[in-house]
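**Student:** Shown below is the structure under consideration.
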Amino acid sequence: MKAHSILVLVGAALVASCATTTAPSVANGQARVSLLASLQAGSFRAQSTVVPYTPADVQHLRLDVFKLVQGSEVAVVDAERNLPMTLDIASGSLGKAIELSGLNLDTTYRIRGYAYDAPGTAHLISKDALVDVRVTHDDRPEFATLPVRLIDKVFNGEASSDIAISSGSVTYTGSESITLSN
């Protein structure tokens with residue numbers, strides 16, 4: 001009975017230690033981060049007619065800001081709007097530094113980026129991009145580069161043929177066609 005009680009107490013302690021708070025962090029500090037999005041084109045090509053996504057295909061980039069607490073991401077809330085800190089960067093501004101302000105000192109932030117080729121968030125054209133930025137007591141903004149790697153376009157092709165294979169022999173009976181599309 002005594003061993004059972006100890007087991008219950010150990011289990012309760014483990015459950016209590018695993019509980020983490022996911023309350024959002026409010027961005028109401030004086031620190032700033034200057035971020036530059038570095039877009040990298042997709043690279044795989046099945047044929048020369050399949051062109052990978054390039055920076056010219058990006059219509060906008062969405063940035064989400066998180067605070068790292070013991071390795072876990074906690075959403076950062078914009079103190080003025082009382083909404084999660086999310087920035088939507090139009091394609092025309094992608095070569096310029098992106099300023100994040102109102103951040104707290106002595107904090108590590110994780111910034112995630114998502115590239116889209118159309119308005120909204122329906123058609124993601126990038127892999128998961130993130131950068132961790134440590135904000136210190138320096139009065140200058142921290143600087144980071146967010147490497148956004150674009151995905152490869154999906155290859156879509158069809159082929160048909162009148163080749164018959166039977167009993168180990170190949171017989172060609174006429175026509176063939178190949179259709180490729182992006």
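FYI, nothing fancy with the structure tokens labels: chains A, B, ... in order, residues from 1 per chain, ligands from 1 as they appear.
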Using only C-alpha atoms, which residues sit within 12 Å of stretch 116-123 of chain A once same-chain residues fewer than 3 positions away are excluded, as a JSON list (two decimals) with N, CA and C atoms, in the first residue's frame?
**Tutor:**
```
[["chain", "number", "residue", "atom", "x", "y", "z"],
["A", 39, "LEU", "N", 14.57, 35.26, -49.94],
["A", 39, "LEU", "CA", 13.80, 34.28, -50.70],
["A", 39, "LEU", "C", 14.74, 33.44, -51.55],
["A", 53, "TYR", "N", 9.21, 27.70, -58.41],
["A", 53, "TYR", "CA", 8.80, 29.00, -57.90],
["A", 53, "TYR", "C", 10.04, 29.87, -57.70],
["A", 54, "THR", "N", 9.91, 31.14, -58.01],
["A", 54, "THR", "CA", 11.00, 32.10, -57.83],
["A", 54, "THR", "C", 10.48, 33.25, -56.97],
["A", 55, "PRO", "N", 11.36, 34.13, -56.50],
["A", 55, "PRO", "CA", 10.89, 35.28, -55.73],
["A", 55, "PRO", "C", 9.85, 36.13, -56.47],
["A", 56, "ALA", "N", 9.87, 36.12, -57.79],
["A", 56, "ALA", "CA", 8.88, 36.88, -58.56],
["A", 56, "ALA", "C", 7.47, 36.30, -58.39],
["A", 57, "ASP", "N", 7.35, 35.03, -58.00],
["A", 57, "ASP", "CA", 6.05, 34.40, -57.81],
["A", 57, "ASP", "C", 5.40, 34.75, -56.47],
["A", 58, "VAL", "N", 6.17, 35.32, -55.54],
["A", 58, "VAL", "CA", 5.66, 35.61, -54.20],
["A", 58, "VAL", "C", 4.78, 36.86, -54.26],
["A", 59, "GLN", "N", 3.51, 36.70, -53.84],
["A", 59, "GLN", "CA", 2.57, 37.83, -53.81],
["A", 59, "GLN", "C", 2.66, 38.53, -52.46],
["A", 60, "HIS", "N", 2.84, 37.76, -51.38],
["A", 60, "HIS", "CA", 3.03, 38.35, -50.05],
["A", 60, "HIS", "C", 3.67, 37.32, -49.13],
["A", 61, "LEU", "N", 4.25, 37.83, -48.05],
["A", 61, "LEU", "CA", 4.91, 37.02, -47.04],
["A", 61, "LEU", "C", 4.25, 37.33, -45.70],
["A", 62, "ARG", "N", 3.83, 36.27, -44.99],
["A", 62, "ARG", "CA", 3.24, 36.44, -43.66],
["A", 62, "ARG", "C", 4.27, 36.06, -42.61],
["A", 63, "LEU", "N", 4.44, 36.92, -41.61],
["A", 63, "LEU", "CA", 5.35, 36.66, -40.51],
["A", 63, "LEU", "C", 4.55, 36.51, -39.23],
["A", 88, "ASP", "N", 1.95, 41.15, -42.51],
["A", 88, "ASP", "CA", 1.74, 40.74, -43.89],
["A", 88, "ASP", "C", 2.56, 41.68, -44.76],
["A", 89, "ILE", "N", 3.58, 41.15, -45.43],
["A", 89, "ILE", "CA", 4.51, 41.96, -46.21],
["A", 89, "ILE", "C", 4.21, 41.76, -47.69],
["A", 90, "ALA", "N", 3.87, 42.85, -48.37],
["A", 90, "ALA", "CA", 3.59, 42.78, -49.81],
["A", 90, "ALA", "C", 4.88, 42.51, -50.58],
["A", 91, "SER", "N", 4.75, 41.94, -51.76],
["A", 91, "SER", "CA", 5.92, 41.55, -52.55],
["A", 91, "SER", "C", 6.83, 42.74, -52.86],
["A", 113, "GLY", "N", 8.06, 32.51, -41.18],
["A", 113, "GLY", "CA", 7.63, 33.15, -42.41],
["A", 113, "GLY", "C", 6.97, 32.17, -43.35],
["A", 126, "SER", "N", 6.05, 28.04, -49.84],
["A", 126, "SER", "CA", 7.35, 27.97, -49.18],
["A", 126, "SER", "C", 7.34, 26.86, -48.14],
["A", 127, "LYS", "N", 8.57, 26.43, -47.81],
["A", 127, "LYS", "CA", 8.73, 25.47, -46.71],
["A", 127, "LYS", "C", 8.70, 26.25, -45.41],
["A", 148, "VAL", "N", 13.71, 32.12, -46.49],
["A", 148, "VAL", "CA", 12.44, 31.55, -46.95],
["A", 148, "VAL", "C", 12.73, 30.75, -48.21],
["A", 149, "ARG", "N", 12.63, 29.43, -48.10],
["A", 149, "ARG", "CA", 12.90, 28.55, -49.24],
["A", 149, "ARG", "C", 11.58, 28.20, -49.92],
["A", 150, "LEU", "N", 11.48, 28.58, -51.18],
["A", 150, "LEU", "CA", 10.27, 28.30, -51.94],
["A", 150, "LEU", "C", 10.23, 26.83, -52.32],
["A", 151, "ILE", "N", 9.03, 26.28, -52.40],
["A", 151, "ILE", "CA", 8.89, 24.87, -52.76],
["A", 151, "ILE", "C", 9.01, 24.71, -54.28],
["A", 153, "LYS", "N", 7.53, 23.43, -57.87],
["A", 153, "LYS", "CA", 6.21, 23.24, -58.47],
["A", 153, "LYS", "C", 5.99, 21.75, -58.68]]
```
**Student:** Write out as a list in words each polymer residue whose atoms come within 10 Å of A:Asp64, counting only C-alpha atoms; drop sequence neighbours fewer than 2 positions from it.
**Tutor:** Arg62, Phe66, Ala75, Val76, Pro84, Met85, Thr86, Leu87, Asp88, Arg110, Ile111, Arg112, Gly113, Tyr114 and Leu130 of chain A
**Student:** Would you work out the distance separating atom CA of A:Gly92 from atom CA of A:Pro141, expressed in Å to one decimal?
**Tutor:**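 According to the coordinates, atom CA of A:Gly92 and atom CA of A:Pro141 are separated by 22.9 Å.
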**Student:** Would you please work out which residue, of A:Val65, A:Glu142, A:Gly102, A:Gly95, is nearest to A:Glu80 when using only C-alpha atoms?
**Tutor:**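 Among the listed residues, the smallest separation from A:Glu80 belongs to A:Gly102.
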**Student:** One decimal, Å: what's the distance from atom CA of A:Gln70 over to atom CA of A:Ile98, could you say?
**Tutor:** 26.5 Å
**Student:** In Å to one decimal, how far is atom CA of A:Thr145 from atom CA of A:Val131?
**Tutor:**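 That distance, rounded to one decimal, is 7.3 Å.
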**Student:** Run DSSP on the backbone and grab whatever in stretch 40-150 of chain A lands in strand (DSSP E or B); send it over as a ChimeraX atom specification.
**Tutor:** /A:40,60-69,72-78,83-84,86-90,98-103,107-116,124,126,129-135,142-150
**Student:** So, counting only C-alpha atoms, which residue among A:Val135, A:Ala79, A:Ala37, A:Ile125 is closest to A:Pro147?
**Tutor:**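 Comparing A:Val135, A:Ala79, A:Ala37, A:Ile125 against A:Pro147, the winner is A:Ala37.
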**Student:** Compare A:Arg140, A:Val77, A:Asp152, A:Thr173 by their minimum atom-to-atom distance to A:Val51, counting only C-alpha atoms, and give me the closest one.
**Tutor:**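 The answer is A:Asp152, which sits nearest to A:Val51.
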**Student:** Using only C-alpha atoms, which of the listed residues (A:His137, A:Val33, A:Gly71, A:Asn82) sits closest to A:Leu103?
**Tutor:** A:Val33
**Student:** Between A:Ala144, A:Gly174, A:Thr179, A:Lys96, which is the closest to A:Glu158 once you count only C-alpha atoms?
**Tutor:** A:Thr179
